[in-house]
Amino acid sequence: MNAILDAIRWFFHGQQWHGTDGIPHRLTEHLWYSGLAFAITVLIALPVGLLLGHVRRGRAASFFGFSVIASANGARALPTLGLLILAVLVTSSSLVPTLIPLIVLAIPPVLVNAYTGVQQVEPGLRDAAEGMGMTGTQVLWRVEAPMALPLVLLGLRTAAIQIVSTATIAAYVGLGGLGRFIVDGLKRQEYSSTAGGALLVILLAFLIQFVFALLRRVAVSPGLRRTS
Amino acid sequence: MITFTGVTKRYPDGTVAVHDLDLEIPAGRITVLVGPSGCGKTTTLRMVNRMIDPTTGTITVDGRDIRQVDPPTLRRGIGYVIQQGGLFPHRTIIDNIATVPYLLHQDKKQARARALELMERVGLDTGLAKRYPAQLSGGQQQRVGVARALAADPPIMLMDEPFSAVDPIVRTQLQDEFLRLQNDLEKTIVFVTHDIDEAVKLGHRIAVFQVGGVLAQYATPEELLAEPANDFVRDFLGGERGIRRLRFVQQLDAEAAAEAESATGAESATGTGTAAGAESATGTGSAQGGGAAAAGER
């Protein structure tokens, strides 16, 4: 309980609110790494997932889909910190190795959810869509994607929360972000800073959860909600 | 007119779904494809809008080989109604109906106005326009399915067991209204069912398929009931063939009477029509009641 009280007290120290080591600056850094990692994840995983779900005809396509999903699920088991150290050793810059574990961790939920969401659209609906003269692309954008949206958003939310909470590891390789408070606090034995940093990360994760809940309300068709 | 010439569909595993089919489907009429499951009736239907391409043979619509038209363009010009409706759950009823006009880049306002008009036409309360499919009953969903197929006013409609997923009373209603609608619209309709009663009730011509994708008989309902071409057709028509035939003949008589009546006074004819329709809706189900009801609709 003391640690939390310390953390709360830590928030109200004047020096936490300005300068390079202040909360606003560290928060901006954190959001920058997270945003970058999230954007790259979405750019890679979303199209691949949607497309694999859409192309389900033929043995080759289904085998390809299966192997991508299997390896994506396998990637979930990779240890983040190990990956980070490995990436640092292999590359020379410091931003890239930070992003790699974040992205590797975030791709599976986005990819698998997009794939599953599209793939589970009833065959009868696809048949109706094609039978009325939709092209493959139109079937994907007008029927499959909107129907997969709840699952897609779930995947994006999982990825975003994972990225935001894991972005603290950037501090291990000398980058900024909210992880600085935690890592530096541990080193300097200023545990109020550690607890404060941790609290900030948790708050950020909650905020993202809230944003996605809002997005779901706005973007998902009322016709797809169970209780309609 | 839709013409099948020597059409065979063979799947890579060797199964023959349709075997050497020659069939002429007249324009402006209802042609019913009927048969047990696995007889190739649905395959035949789906070949008309190129959902399935035949292995050999040609299909023409008004003399034009359909292989010359790319599938999406072809399909936008052919209404398509499937079992369970196949409505898009994420779209409102009105947007579901306007699907094809949207695909054809028609003006949105106009498409919606037309969709509302069609809702009335198929017997749906326009208050349902902003609802979603899950909020409608099975019968209402089927009506939306029919309205959606009619939205771009295609000359041809393909209907794959459209009424089989609803209960018998609603089915009778839907069939009666469908006949009334077709009376006004005179579309070229290909209708697939496994229910011989439905085939006899709706079809101007009936194509009976037997397992292996062979066309066993292609005839008017009257001919079919009077002279089944082979044992398969006789079995398929079942032991009640005599009763069916009787009912059908009565229906024709009633129809002739109704026509004579409408010649004398249109108003009185519509009067009997509604009365008969109401009777069938309550599901009396007697041969005479059914016949009179159907006659009233026509």
# chains A, B, ... in the order shown; residues from 1 in each chain; ligands from 1
$ closest_atom_pairs --of "chain B" --to "chain A" --cutoff "6 Å" --atoms "only C-alpha atoms" --output "Markdown table"
| residue | atom | partner | partner_atom | distance |
| --- | --- | --- | --- | --- |
| B:Pro72 | CA | A:Gly133 | CA | 4.0 |
| B:Arg75 | CA | A:Gly133 | CA | 4.6 |
| B:Arg76 | CA | A:Gly133 | CA | 4.7 |
| B:Gly86 | CA | A:Leu125 | CA | 5.2 |
| B:Pro89 | CA | A:Gly223 | CA | 5.5 |
| B:His90 | CA | A:Gly223 | CA | 4.7 |
| B:Tyr132 | CA | A:Gly223 | CA | 5.2 |
$ write_last_selection --atoms "N, CA and C atoms" --output "PDB file, in the first residue's frame"
ATOM      1  N   PRO B  72     -19.938 -11.032 -62.904  1.00  0.00           N
ATOM      2  CA  PRO B  72     -20.626  -9.977 -62.137  1.00  0.00           C
ATOM      3  C   PRO B  72     -21.652  -9.190 -62.964  1.00  0.00           C
ATOM      4  N   ARG B  75     -24.702 -11.378 -63.542  1.00  0.00           N
ATOM      5  CA  ARG B  75     -25.497 -11.603 -62.330  1.00  0.00           C
ATOM      6  C   ARG B  75     -26.287 -10.380 -61.912  1.00  0.00           C
ATOM      7  N   ARG B  76     -25.750  -9.187 -62.181  1.00  0.00           N
ATOM      8  CA  ARG B  76     -26.492  -7.978 -61.814  1.00  0.00           C
ATOM      9  C   ARG B  76     -27.774  -7.852 -62.614  1.00  0.00           C
ATOM     10  N   GLY B  86     -30.564 -15.190 -47.197  1.00  0.00           N
ATOM     11  CA  GLY B  86     -29.204 -14.710 -47.477  1.00  0.00           C
ATOM     12  C   GLY B  86     -29.072 -13.208 -47.333  1.00  0.00           C
ATOM     13  N   PRO B  89     -26.653  -9.283 -42.609  1.00  0.00           N
ATOM     14  CA  PRO B  89     -27.092  -8.903 -41.260  1.00  0.00           C
ATOM     15  C   PRO B  89     -26.628  -7.512 -40.841  1.00  0.00           C
ATOM     16  N   HIS B  90     -25.568  -7.000 -41.469  1.00  0.00           N
ATOM     17  CA  HIS B  90     -25.037  -5.697 -41.052  1.00  0.00           C
ATOM     18  C   HIS B  90     -25.704  -4.548 -41.789  1.00  0.00           C
ATOM     19  N   TYR B 132     -32.956  -4.260 -38.918  1.00  0.00           N
ATOM     20  CA  TYR B 132     -31.934  -5.186 -39.421  1.00  0.00           C
ATOM     21  C   TYR B 132     -32.545  -6.571 -39.564  1.00  0.00           C
TER      22      TYR B 132
END
$ select_by_dssp --residues "stretch 103-241 of chain B" --states "helix (DSSP H, G or I)" --output "PyMOL selection string"
chain B and resi 103+108-121+126-128+133-135+138-150+168-185+196-202+221-226+231-237+241
$ residues_around --residues "stretch 194-197 of chain B" --least-positions-apart "2" --cutoff "8 Å" --atoms "only C-alpha atoms" --output "PDB file with C-alpha atoms, in the first residue's frame"
ATOM      1  CA  VAL B  34     -37.995 -30.310 -59.079  1.00  0.00           C
ATOM      2  CA  GLY B  35     -36.439 -33.532 -57.881  1.00  0.00           C
ATOM      3  CA  PRO B  36     -34.853 -35.280 -54.908  1.00  0.00           C
ATOM      4  CA  SER B  37     -31.635 -33.961 -53.391  1.00  0.00           C
ATOM      5  CA  GLU B 161     -35.977 -23.113 -52.628  1.00  0.00           C
ATOM      6  CA  VAL B 192     -36.023 -24.824 -57.665  1.00  0.00           C
ATOM      7  CA  ALA B 199     -43.992 -27.307 -58.195  1.00  0.00           C
ATOM      8  CA  VAL B 200     -47.531 -28.081 -59.328  1.00  0.00           C
ATOM      9  CA  LYS B 201     -48.912 -24.977 -57.664  1.00  0.00           C
ATOM     10  CA  PHE B 236     -41.821 -39.030 -57.193  1.00  0.00           C
ATOM     11  CA  LEU B 237     -45.354 -37.780 -57.712  1.00  0.00           C
ATOM     12  CA  ARG B 244     -53.135 -33.827 -56.785  1.00  0.00           C
TER      13      ARG B 244
END
$ atom_distance --atom1 "atom CA of B:Thr188" --atom2 "atom CA of B:Pro26"
7.0 Å
$ closest_residue --among "B:Phe248, B:Pro154, B:Thr3, B:Phe232" --to "B:Ile25" --atoms "only C-alpha atoms"
B:Thr3
$ atom_distance --atom1 "atom CA of A:Val112" --atom2 "atom CA of A:Phe66"
10.2 Å
$ residues_around --residues "stretch 7-23 of chain A" --least-positions-apart "2" --cutoff "10 Å" --atoms "only C-alpha atoms" --output "MDAnalysis selection string"
chainID A and resid 1:5 25:29 176:178 180:181 191:200
$ atom_distance --atom1 "atom CA of B:Arg245" --atom2 "atom CA of B:Pro221"
8.7 Å
$ residues_around --residues "A:Leu51" --least-positions-apart "3" --cutoff "9 Å" --atoms "only C-alpha atoms" --output "list in words"
Leu46, Pro47, Val48, His54, Val55, Ala114, Tyr115, Val118 and Leu140 of chain A
$ residues_around --residues "stretch 79-83 of chain A" --least-positions-apart "5" --cutoff "8 Å" --atoms "only C-alpha atoms" --output "PyMOL selection string"
chain A and resi 100-102+105+169
$ write_last_selection --atoms "C-alpha atoms" --output "CSV table (one decimal), in the first residue's frame"
chain,number,residue,atom,x,y,z
A,100,ILE,CA,10.7,-5.6,-33.6
A,101,PRO,CA,9.5,-7.5,-30.5
A,102,LEU,CA,6.5,-5.2,-30.2
A,105,LEU,CA,4.1,-9.8,-30.4
A,169,ILE,CA,11.2,-2.4,-22.6
$ residues_around --residues "stretch 49-60 of chain B" --least-positions-apart "4" --cutoff "6 Å" --atoms "only C-alpha atoms" --output "number ranges by chain"
B: 2-9, 64-66, 75
$ closest_residue --among "A:Ser71, A:Gln209, A:Thr41, A:Ser34" --to "A:Thr158" --atoms "only C-alpha atoms"
A:Gln209
$ closest_residue --among "B:Glu120, B:Asp125, B:Asp153, B:Glu222" --to "B:Val100" --atoms "only C-alpha atoms"
B:Asp153
$ select_by_dssp --residues "stretch 193-230 of chain B" --states "strand (DSSP E)" --output "ChimeraX atom specification"
/B:193,205-210,214-219
